[in-house]
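I have placed the structure first, in the form of structure tokens, so that the comments after it can refer back to it.
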Amino acid sequence: MNKLLTSALVFFVACATSFVHAQEAGDAKAGESKIALCIGCHGIKGYQASFPEVYKVPMISGQSASYIVSALTAYQKGDRKHPTMRSIAAPLSAKDMADIAAYYESHGKDPAATLPEKAAEPTGKVAELITKGACASCHGANYSKPMVPGYPKIGGQYKDYLYMALKSYKVENQATWGRNNGVMGGVAKQFTLAELKEISAYIAKQQGELKTVPQSKFR
């Protein structure tokens, strides 16, 4: 990792840590009454979005509450450009976000489940790509224990979603899609699209805590 990217990483870690400390405490029970607009996509296994391309919407049950709040805030502010997600995030208060995030962090959680401390060793070219991107330095050795709570768990996430997300950090000057993040932009722009696909496929194969828990009905 080059010195500029390393400096940016240190800066964003400090900012992310401050952001996490400033978040409101969430109430999972209250969050259960606020997810009507979430379950139509995130409560259906294998549900696919079609914008900006076809991909499975991410598994968010078991994701860290701090990251969910961070993502919703980015959609609300426009740092993440996605018309549907921005319209959903726009009316949410900080308390709403915290409650929804608390609900999904605990949703479907198995207290007895354990994860390996370290992901399977990548081989060949993938090993070079993972090292170059310094993925474990932010997302943890098993990709499910991020160094900062505001960073996502990514181990076992759908590979097509991971690829779409990584590719979106390379996008510039588009009104309706793309993501603005100094660290992830610096990481993603080092790689070709084919290389991002290889990284995504490797991380998707790792054991993780993320799930899609089917909802019995819409609320």
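By convention in this document, the chains of the structure tokens carry letters A, B, ... by their order, each chain's residues are numbered from 1, and ligands are numbered from 1 in the order they are shown.
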
Sorted per-residue table, segment 9-115 of chain A near segment 191-210 of chain A, closest atoms and distance, 8 Å, only C-alpha atoms, as CSV:
residue,atom,partner,partner_atom,distance
A:Met59,CA,A:Leu210,CA,5.7
A:Ile60,CA,A:Leu210,CA,6.1
A:Ser61,CA,A:Leu210,CA,5.7
A:Gly62,CA,A:Leu210,CA,5.0
A:Gln63,CA,A:Leu210,CA,6.1
A:Lys109,CA,A:Glu209,CA,7.9
A:Leu115,CA,A:Gln207,CA,6.8

Could you take the residues named above and write them with N, CA and C atoms, as a compact mmCIF listing (two decimals), in the first residue's frame?
# COMPACT_ATOMS: atom_id res chain seq x y z
N MET A 59 -26.67 -9.35 2.08
CA MET A 59 -27.16 -9.91 3.34
C MET A 59 -26.80 -8.92 4.44
N ILE A 60 -27.80 -8.53 5.23
CA ILE A 60 -27.52 -7.55 6.28
C ILE A 60 -27.85 -8.05 7.68
N SER A 61 -28.54 -9.18 7.81
CA SER A 61 -28.76 -9.75 9.14
C SER A 61 -27.42 -10.26 9.65
N GLY A 62 -27.03 -9.78 10.84
CA GLY A 62 -25.73 -10.13 11.40
C GLY A 62 -24.65 -9.10 11.12
N GLN A 63 -24.97 -8.10 10.30
CA GLN A 63 -24.01 -7.03 10.02
C GLN A 63 -23.90 -6.13 11.25
N LYS A 109 -29.10 -14.05 14.72
CA LYS A 109 -27.78 -14.33 15.30
C LYS A 109 -27.80 -15.63 16.10
N LEU A 115 -16.52 -18.56 14.25
CA LEU A 115 -15.85 -18.35 12.97
C LEU A 115 -14.37 -18.63 13.12

**A:Pro116, A:Pro214, A:Pro122, A:Gly186 ranked by distance to Gly140 of chain A, top pick (using only C-alpha atoms)** =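 Checking each of A:Pro116, A:Pro214, A:Pro122, A:Gly186 against Gly140 of chain A, counting only C-alpha atoms, the winner is A:Pro116.
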
**Item:** Contacts of segment 128-139 of chain A at 9 Å (only C-alpha atoms; same-chain gap of 5+ positions) as a list in words
**Value:** Met1, Leu9, Val13, Pro122, Thr123, Ser144, Lys145, Pro146, Met147, Val148, Tyr151, Pro152, Lys153, Ile154, Gly155, Val187, Ala188, Gln190, Phe191, Glu195, Leu196, Glu198 and Ile199 of chain A

**Asked** Can you list, as number ranges by chain, every residue of segment 55-123 of chain A that DSSP puts in alpha helix (DSSP H)?
**Response** A: 65-77, 83-89, 94-106

**Residue contacts of segment 87-96 of chain A (7 Å, only C-alpha atoms) excluding same-chain residues fewer than 5 positions away, as a ChimeraX atom specification** = /A:24,26,72,75-76

**Prompt:** Would you give me, as a list of chain:residue names, the residues in segment 72-189 of chain A that DSSP reads as strand (DSSP E or B)?
**Reply:**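 So the strand (DSSP E or B) residues in segment 72-189 of chain A would be A:Arg80, A:Lys81, A:Gly178, A:Arg179.
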
**Prompt:** Using only C-alpha atoms, which residues sit within 8 Å of segment 27-43 of chain A once same-chain residues fewer than 2 positions away are excluded, as number ranges by chain?
**Reply:** A: 25, 45, 47-48, 57-60, 88, 96, 98-104, 106, 212-215, 218-219

Would you mind exporting N, CA and C atoms of the selected residues as an mmCIF file, in the first residue's frame?
data_model
loop_
_atom_site.group_PDB
_atom_site.id
_atom_site.type_symbol
_atom_site.label_atom_id
_atom_site.label_comp_id
_atom_site.auth_asym_id
_atom_site.auth_seq_id
_atom_site.Cartn_x
_atom_site.Cartn_y
_atom_site.Cartn_z
ATOM 1 N N ALA A 25 -27.594 5.173 20.680
ATOM 2 C CA ALA A 25 -27.811 3.770 21.004
ATOM 3 C C ALA A 25 -29.104 3.315 20.340
ATOM 4 N N LYS A 45 -34.446 -14.270 0.313
ATOM 5 C CA LYS A 45 -33.184 -14.909 -0.059
ATOM 6 C C LYS A 45 -32.964 -14.847 -1.569
ATOM 7 N N TYR A 47 -32.731 -12.310 -3.471
ATOM 8 C CA TYR A 47 -33.403 -11.224 -4.189
ATOM 9 C C TYR A 47 -32.364 -10.411 -4.968
ATOM 10 N N GLN A 48 -32.698 -10.100 -6.208
ATOM 11 C CA GLN A 48 -31.752 -9.390 -7.058
ATOM 12 C C GLN A 48 -32.212 -7.977 -7.376
ATOM 13 N N VAL A 57 -28.952 -8.377 -3.650
ATOM 14 C CA VAL A 57 -28.840 -7.345 -2.617
ATOM 15 C C VAL A 57 -28.090 -7.953 -1.432
ATOM 16 N N PRO A 58 -27.351 -7.151 -0.700
ATOM 17 C CA PRO A 58 -26.500 -7.715 0.351
ATOM 18 C C PRO A 58 -27.268 -8.338 1.504
ATOM 19 N N MET A 59 -26.665 -9.354 2.078
ATOM 20 C CA MET A 59 -27.155 -9.915 3.338
ATOM 21 C C MET A 59 -26.801 -8.918 4.440
ATOM 22 N N ILE A 60 -27.795 -8.530 5.227
ATOM 23 C CA ILE A 60 -27.520 -7.547 6.282
ATOM 24 C C ILE A 60 -27.853 -8.051 7.681
ATOM 25 N N ILE A 88 -35.069 5.781 0.588
ATOM 26 C CA ILE A 88 -35.392 5.079 1.833
ATOM 27 C C ILE A 88 -34.693 5.734 3.019
ATOM 28 N N ASP A 96 -33.958 6.499 14.203
ATOM 29 C CA ASP A 96 -34.482 5.458 13.314
ATOM 30 C C ASP A 96 -33.357 4.567 12.805
ATOM 31 N N ALA A 98 -30.399 4.064 14.065
ATOM 32 C CA ALA A 98 -29.809 3.287 15.161
ATOM 33 C C ALA A 98 -30.689 2.097 15.524
ATOM 34 N N ASP A 99 -31.999 2.301 15.538
ATOM 35 C CA ASP A 99 -32.918 1.212 15.891
ATOM 36 C C ASP A 99 -32.923 0.127 14.816
ATOM 37 N N ILE A 100 -32.992 0.533 13.550
ATOM 38 C CA ILE A 100 -32.963 -0.429 12.438
ATOM 39 C C ILE A 100 -31.657 -1.214 12.460
ATOM 40 N N ALA A 101 -30.558 -0.505 12.686
ATOM 41 C CA ALA A 101 -29.246 -1.150 12.708
ATOM 42 C C ALA A 101 -29.142 -2.145 13.862
ATOM 43 N N ALA A 102 -29.668 -1.780 15.029
ATOM 44 C CA ALA A 102 -29.636 -2.683 16.186
ATOM 45 C C ALA A 102 -30.449 -3.943 15.902
ATOM 46 N N TYR A 103 -31.568 -3.774 15.220
ATOM 47 C CA TYR A 103 -32.402 -4.920 14.868
ATOM 48 C C TYR A 103 -31.643 -5.882 13.958
ATOM 49 N N TYR A 104 -31.041 -5.366 12.898
ATOM 50 C CA TYR A 104 -30.368 -6.246 11.949
ATOM 51 C C TYR A 104 -29.083 -6.847 12.518
ATOM 52 N N SER A 106 -28.684 -8.016 15.443
ATOM 53 C CA SER A 106 -29.064 -9.172 16.262
ATOM 54 C C SER A 106 -29.947 -10.168 15.520
ATOM 55 N N THR A 212 -29.431 -13.762 5.131
ATOM 56 C CA THR A 212 -30.736 -13.220 4.773
ATOM 57 C C THR A 212 -31.743 -14.090 5.506
ATOM 58 N N VAL A 213 -32.483 -13.498 6.407
ATOM 59 C CA VAL A 213 -33.486 -14.235 7.172
ATOM 60 C C VAL A 213 -34.851 -13.926 6.578
ATOM 61 N N PRO A 214 -35.506 -14.904 5.941
ATOM 62 C CA PRO A 214 -36.797 -14.632 5.291
ATOM 63 C C PRO A 214 -37.830 -14.101 6.265
ATOM 64 N N GLN A 215 -38.581 -13.121 5.812
ATOM 65 C CA GLN A 215 -39.646 -12.547 6.617
ATOM 66 C C GLN A 215 -40.964 -13.232 6.235
ATOM 67 N N PHE A 218 -44.935 -8.956 4.919
ATOM 68 C CA PHE A 218 -44.570 -7.542 4.948
ATOM 69 C C PHE A 218 -45.328 -6.882 6.085
ATOM 70 N N ARG A 219 -44.696 -5.896 6.678
ATOM 71 C CA ARG A 219 -45.346 -5.184 7.788
ATOM 72 C C ARG A 219 -45.885 -3.871 7.282
#

**Surrounding residues of segment 170-181 of chain A excluding itself and chain neighbours under 5 positions, 8 Å, only C-alpha atoms, as a PyMOL selection string** = chain A and resi 52+79-83+188-189

Kindly export the residues of the current selection with N, CA and C atoms, as a tab-separated table (two decimals), in the first residue's frame.
chain	number	residue	atom	x	y	z
A	52	PRO	N	-27.29	-0.57	-10.43
A	52	PRO	CA	-26.97	-0.20	-11.82
A	52	PRO	C	-26.75	-1.40	-12.73
A	79	ASP	N	-23.33	10.48	-0.38
A	79	ASP	CA	-21.99	9.95	-0.60
A	79	ASP	C	-22.06	8.60	-1.30
A	80	ARG	N	-23.16	7.91	-1.06
A	80	ARG	CA	-23.49	6.72	-1.85
A	80	ARG	C	-24.67	7.09	-2.73
A	81	LYS	N	-24.49	6.94	-4.01
A	81	LYS	CA	-25.50	7.38	-4.96
A	81	LYS	C	-26.29	6.18	-5.46
A	82	HIS	N	-27.49	6.04	-4.95
A	82	HIS	CA	-28.39	4.96	-5.37
A	82	HIS	C	-29.79	5.48	-5.12
A	83	PRO	N	-30.57	5.74	-6.18
A	83	PRO	CA	-31.88	6.39	-6.02
A	83	PRO	C	-32.80	5.70	-5.01
A	188	ALA	N	-9.90	0.56	-4.56
A	188	ALA	CA	-10.56	0.00	-5.76
A	188	ALA	C	-9.90	0.46	-7.05
A	189	LYS	N	-9.43	1.69	-7.08
A	189	LYS	CA	-8.88	2.23	-8.32
A	189	LYS	C	-7.52	1.63	-8.68

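Compared by their closest atoms to Leu162 of chain A, and using only C-alpha atoms, the residues A:Lys118, A:His107, A:Lys56, A:Lys211 rank with A:Lys56 nearest.
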
**Request:** Calculate how many Å separate atom CA of Glu117 of chain A from atom CA of Ser168 of chain A, rounding to one decimal.
**Result:**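 One can read the atom CA of Glu117 of chain A to atom CA of Ser168 of chain A distance as 29.2 Å.
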